[in-house]
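Q: Pasting a structure here, questions to come.
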Amino acid sequence: MAGTACHRRDFAVIALARRRARVLWALLRDNRVFTSAPPVAQAA
């Protein structure tokens, strides 16, 4: 059973790392800096 818990933890860490990588890639792609507040939507 110990192997299963370790596998779940590894899977969760990988999922979080992928999410962070997507955010960082989007920031680099859009040439933006990170802000803790979400951007304000602009009228088209």
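Starting from 1 in every chain, residues are counted up; chains themselves are A, B, ... following the order of the structure tokens, and ligands are numbered from 1 as listed.
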Would you mind writing down, as a list of chain:residue names, each residue of chain A that DSSP on the backbone assigns to alpha helix (DSSP H)?
A: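 Those residues are A:Ala2, A:Gly3, A:Thr4, A:Ala5, A:Cys6, A:His7, A:Arg8, A:Arg9, A:Asp10, A:Phe11, A:Ala12, A:Val13, A:Ile14, A:Ala15, A:Leu16, A:Ala17, A:Arg18, A:Arg19, A:Arg20, A:Ala21, A:Arg22, A:Val23, A:Leu24, A:Trp25, A:Ala26, A:Leu27, A:Leu28, A:Arg29, A:Asp30.
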Q: So that I have them on file, write out the residues from the current selection with N, CA and C atoms, as a PDB file, in the first residue's frame.
A:
```pdb
ATOM      1  N   ALA A   2       2.035   1.214   0.532  1.00  0.00           N
ATOM      2  CA  ALA A   2       2.866   2.412   0.597  1.00  0.00           C
ATOM      3  C   ALA A   2       3.232   2.903  -0.794  1.00  0.00           C
ATOM      4  N   GLY A   3       3.401   1.996  -1.726  1.00  0.00           N
ATOM      5  CA  GLY A   3       3.730   2.391  -3.088  1.00  0.00           C
ATOM      6  C   GLY A   3       2.616   3.179  -3.739  1.00  0.00           C
ATOM      7  N   THR A   4       1.378   2.854  -3.427  1.00  0.00           N
ATOM      8  CA  THR A   4       0.240   3.550  -4.017  1.00  0.00           C
ATOM      9  C   THR A   4       0.179   4.998  -3.541  1.00  0.00           C
ATOM     10  N   ALA A   5       0.397   5.236  -2.272  1.00  0.00           N
ATOM     11  CA  ALA A   5       0.364   6.599  -1.746  1.00  0.00           C
ATOM     12  C   ALA A   5       1.482   7.436  -2.362  1.00  0.00           C
ATOM     13  N   CYS A   6       2.631   6.845  -2.524  1.00  0.00           N
ATOM     14  CA  CYS A   6       3.757   7.553  -3.126  1.00  0.00           C
ATOM     15  C   CYS A   6       3.444   7.890  -4.577  1.00  0.00           C
ATOM     16  N   HIS A   7       2.827   6.953  -5.283  1.00  0.00           N
ATOM     17  CA  HIS A   7       2.474   7.178  -6.685  1.00  0.00           C
ATOM     18  C   HIS A   7       1.469   8.317  -6.807  1.00  0.00           C
ATOM     19  N   ARG A   8       0.489   8.358  -5.925  1.00  0.00           N
ATOM     20  CA  ARG A   8      -0.507   9.437  -5.951  1.00  0.00           C
ATOM     21  C   ARG A   8       0.141  10.790  -5.701  1.00  0.00           C
ATOM     22  N   ARG A   9       1.055  10.826  -4.743  1.00  0.00           N
ATOM     23  CA  ARG A   9       1.739  12.082  -4.430  1.00  0.00           C
ATOM     24  C   ARG A   9       2.576  12.539  -5.623  1.00  0.00           C
ATOM     25  N   ASP A  10       3.286  11.603  -6.250  1.00  0.00           N
ATOM     26  CA  ASP A  10       4.084  11.946  -7.429  1.00  0.00           C
ATOM     27  C   ASP A  10       3.197  12.470  -8.548  1.00  0.00           C
ATOM     28  N   PHE A  11       2.053  11.840  -8.742  1.00  0.00           N
ATOM     29  CA  PHE A  11       1.119  12.267  -9.789  1.00  0.00           C
ATOM     30  C   PHE A  11       0.616  13.680  -9.512  1.00  0.00           C
ATOM     31  N   ALA A  12       0.323  13.983  -8.254  1.00  0.00           N
ATOM     32  CA  ALA A  12      -0.154  15.318  -7.881  1.00  0.00           C
ATOM     33  C   ALA A  12       0.934  16.366  -8.090  1.00  0.00           C
ATOM     34  N   VAL A  13       2.165  16.044  -7.740  1.00  0.00           N
ATOM     35  CA  VAL A  13       3.271  16.985  -7.926  1.00  0.00           C
ATOM     36  C   VAL A  13       3.483  17.266  -9.406  1.00  0.00           C
ATOM     37  N   ILE A  14       3.408  16.247 -10.230  1.00  0.00           N
ATOM     38  CA  ILE A  14       3.569  16.427 -11.673  1.00  0.00           C
ATOM     39  C   ILE A  14       2.439  17.284 -12.232  1.00  0.00           C
ATOM     40  N   ALA A  15       1.215  17.064 -11.772  1.00  0.00           N
ATOM     41  CA  ALA A  15       0.080  17.854 -12.243  1.00  0.00           C
ATOM     42  C   ALA A  15       0.264  19.328 -11.882  1.00  0.00           C
ATOM     43  N   LEU A  16       0.718  19.610 -10.663  1.00  0.00           N
ATOM     44  CA  LEU A  16       0.948  20.999 -10.258  1.00  0.00           C
ATOM     45  C   LEU A  16       2.083  21.631 -11.057  1.00  0.00           C
ATOM     46  N   ALA A  17       3.130  20.862 -11.318  1.00  0.00           N
ATOM     47  CA  ALA A  17       4.254  21.384 -12.098  1.00  0.00           C
ATOM     48  C   ALA A  17       3.817  21.716 -13.519  1.00  0.00           C
ATOM     49  N   ARG A  18       2.976  20.881 -14.097  1.00  0.00           N
ATOM     50  CA  ARG A  18       2.479  21.163 -15.447  1.00  0.00           C
ATOM     51  C   ARG A  18       1.643  22.430 -15.474  1.00  0.00           C
ATOM     52  N   ARG A  19       0.821  22.620 -14.453  1.00  0.00           N
ATOM     53  CA  ARG A  19      -0.002  23.829 -14.385  1.00  0.00           C
ATOM     54  C   ARG A  19       0.879  25.068 -14.292  1.00  0.00           C
ATOM     55  N   ARG A  20       1.903  25.011 -13.435  1.00  0.00           N
ATOM     56  CA  ARG A  20       2.825  26.144 -13.308  1.00  0.00           C
ATOM     57  C   ARG A  20       3.561  26.395 -14.621  1.00  0.00           C
ATOM     58  N   ALA A  21       3.960  25.332 -15.296  1.00  0.00           N
ATOM     59  CA  ALA A  21       4.670  25.484 -16.567  1.00  0.00           C
ATOM     60  C   ALA A  21       3.784  26.156 -17.608  1.00  0.00           C
ATOM     61  N   ARG A  22       2.500  25.804 -17.641  1.00  0.00           N
ATOM     62  CA  ARG A  22       1.584  26.443 -18.598  1.00  0.00           C
ATOM     63  C   ARG A  22       1.442  27.930 -18.313  1.00  0.00           C
ATOM     64  N   VAL A  23       1.351  28.291 -17.045  1.00  0.00           N
ATOM     65  CA  VAL A  23       1.225  29.702 -16.679  1.00  0.00           C
ATOM     66  C   VAL A  23       2.493  30.459 -17.065  1.00  0.00           C
ATOM     67  N   LEU A  24       3.647  29.895 -16.738  1.00  0.00           N
ATOM     68  CA  LEU A  24       4.905  30.559 -17.068  1.00  0.00           C
ATOM     69  C   LEU A  24       5.084  30.696 -18.572  1.00  0.00           C
ATOM     70  N   TRP A  25       4.724  29.655 -19.321  1.00  0.00           N
ATOM     71  CA  TRP A  25       4.845  29.709 -20.775  1.00  0.00           C
ATOM     72  C   TRP A  25       3.937  30.797 -21.349  1.00  0.00           C
ATOM     73  N   ALA A  26       2.721  30.925 -20.839  1.00  0.00           N
ATOM     74  CA  ALA A  26       1.802  31.960 -21.310  1.00  0.00           C
ATOM     75  C   ALA A  26       2.357  33.351 -21.003  1.00  0.00           C
ATOM     76  N   LEU A  27       2.969  33.527 -19.836  1.00  0.00           N
ATOM     77  CA  LEU A  27       3.560  34.819 -19.499  1.00  0.00           C
ATOM     78  C   LEU A  27       4.698  35.162 -20.453  1.00  0.00           C
ATOM     79  N   LEU A  28       5.543  34.184 -20.746  1.00  0.00           N
ATOM     80  CA  LEU A  28       6.641  34.422 -21.683  1.00  0.00           C
ATOM     81  C   LEU A  28       6.118  34.691 -23.089  1.00  0.00           C
ATOM     82  N   ARG A  29       5.123  33.931 -23.514  1.00  0.00           N
ATOM     83  CA  ARG A  29       4.563  34.070 -24.854  1.00  0.00           C
ATOM     84  C   ARG A  29       3.942  35.445 -25.056  1.00  0.00           C
ATOM     85  N   ASP A  30       3.226  35.931 -24.034  1.00  0.00           N
ATOM     86  CA  ASP A  30       2.527  37.204 -24.142  1.00  0.00           C
ATOM     87  C   ASP A  30       3.380  38.389 -23.690  1.00  0.00           C
TER      88      ASP A  30
END
```
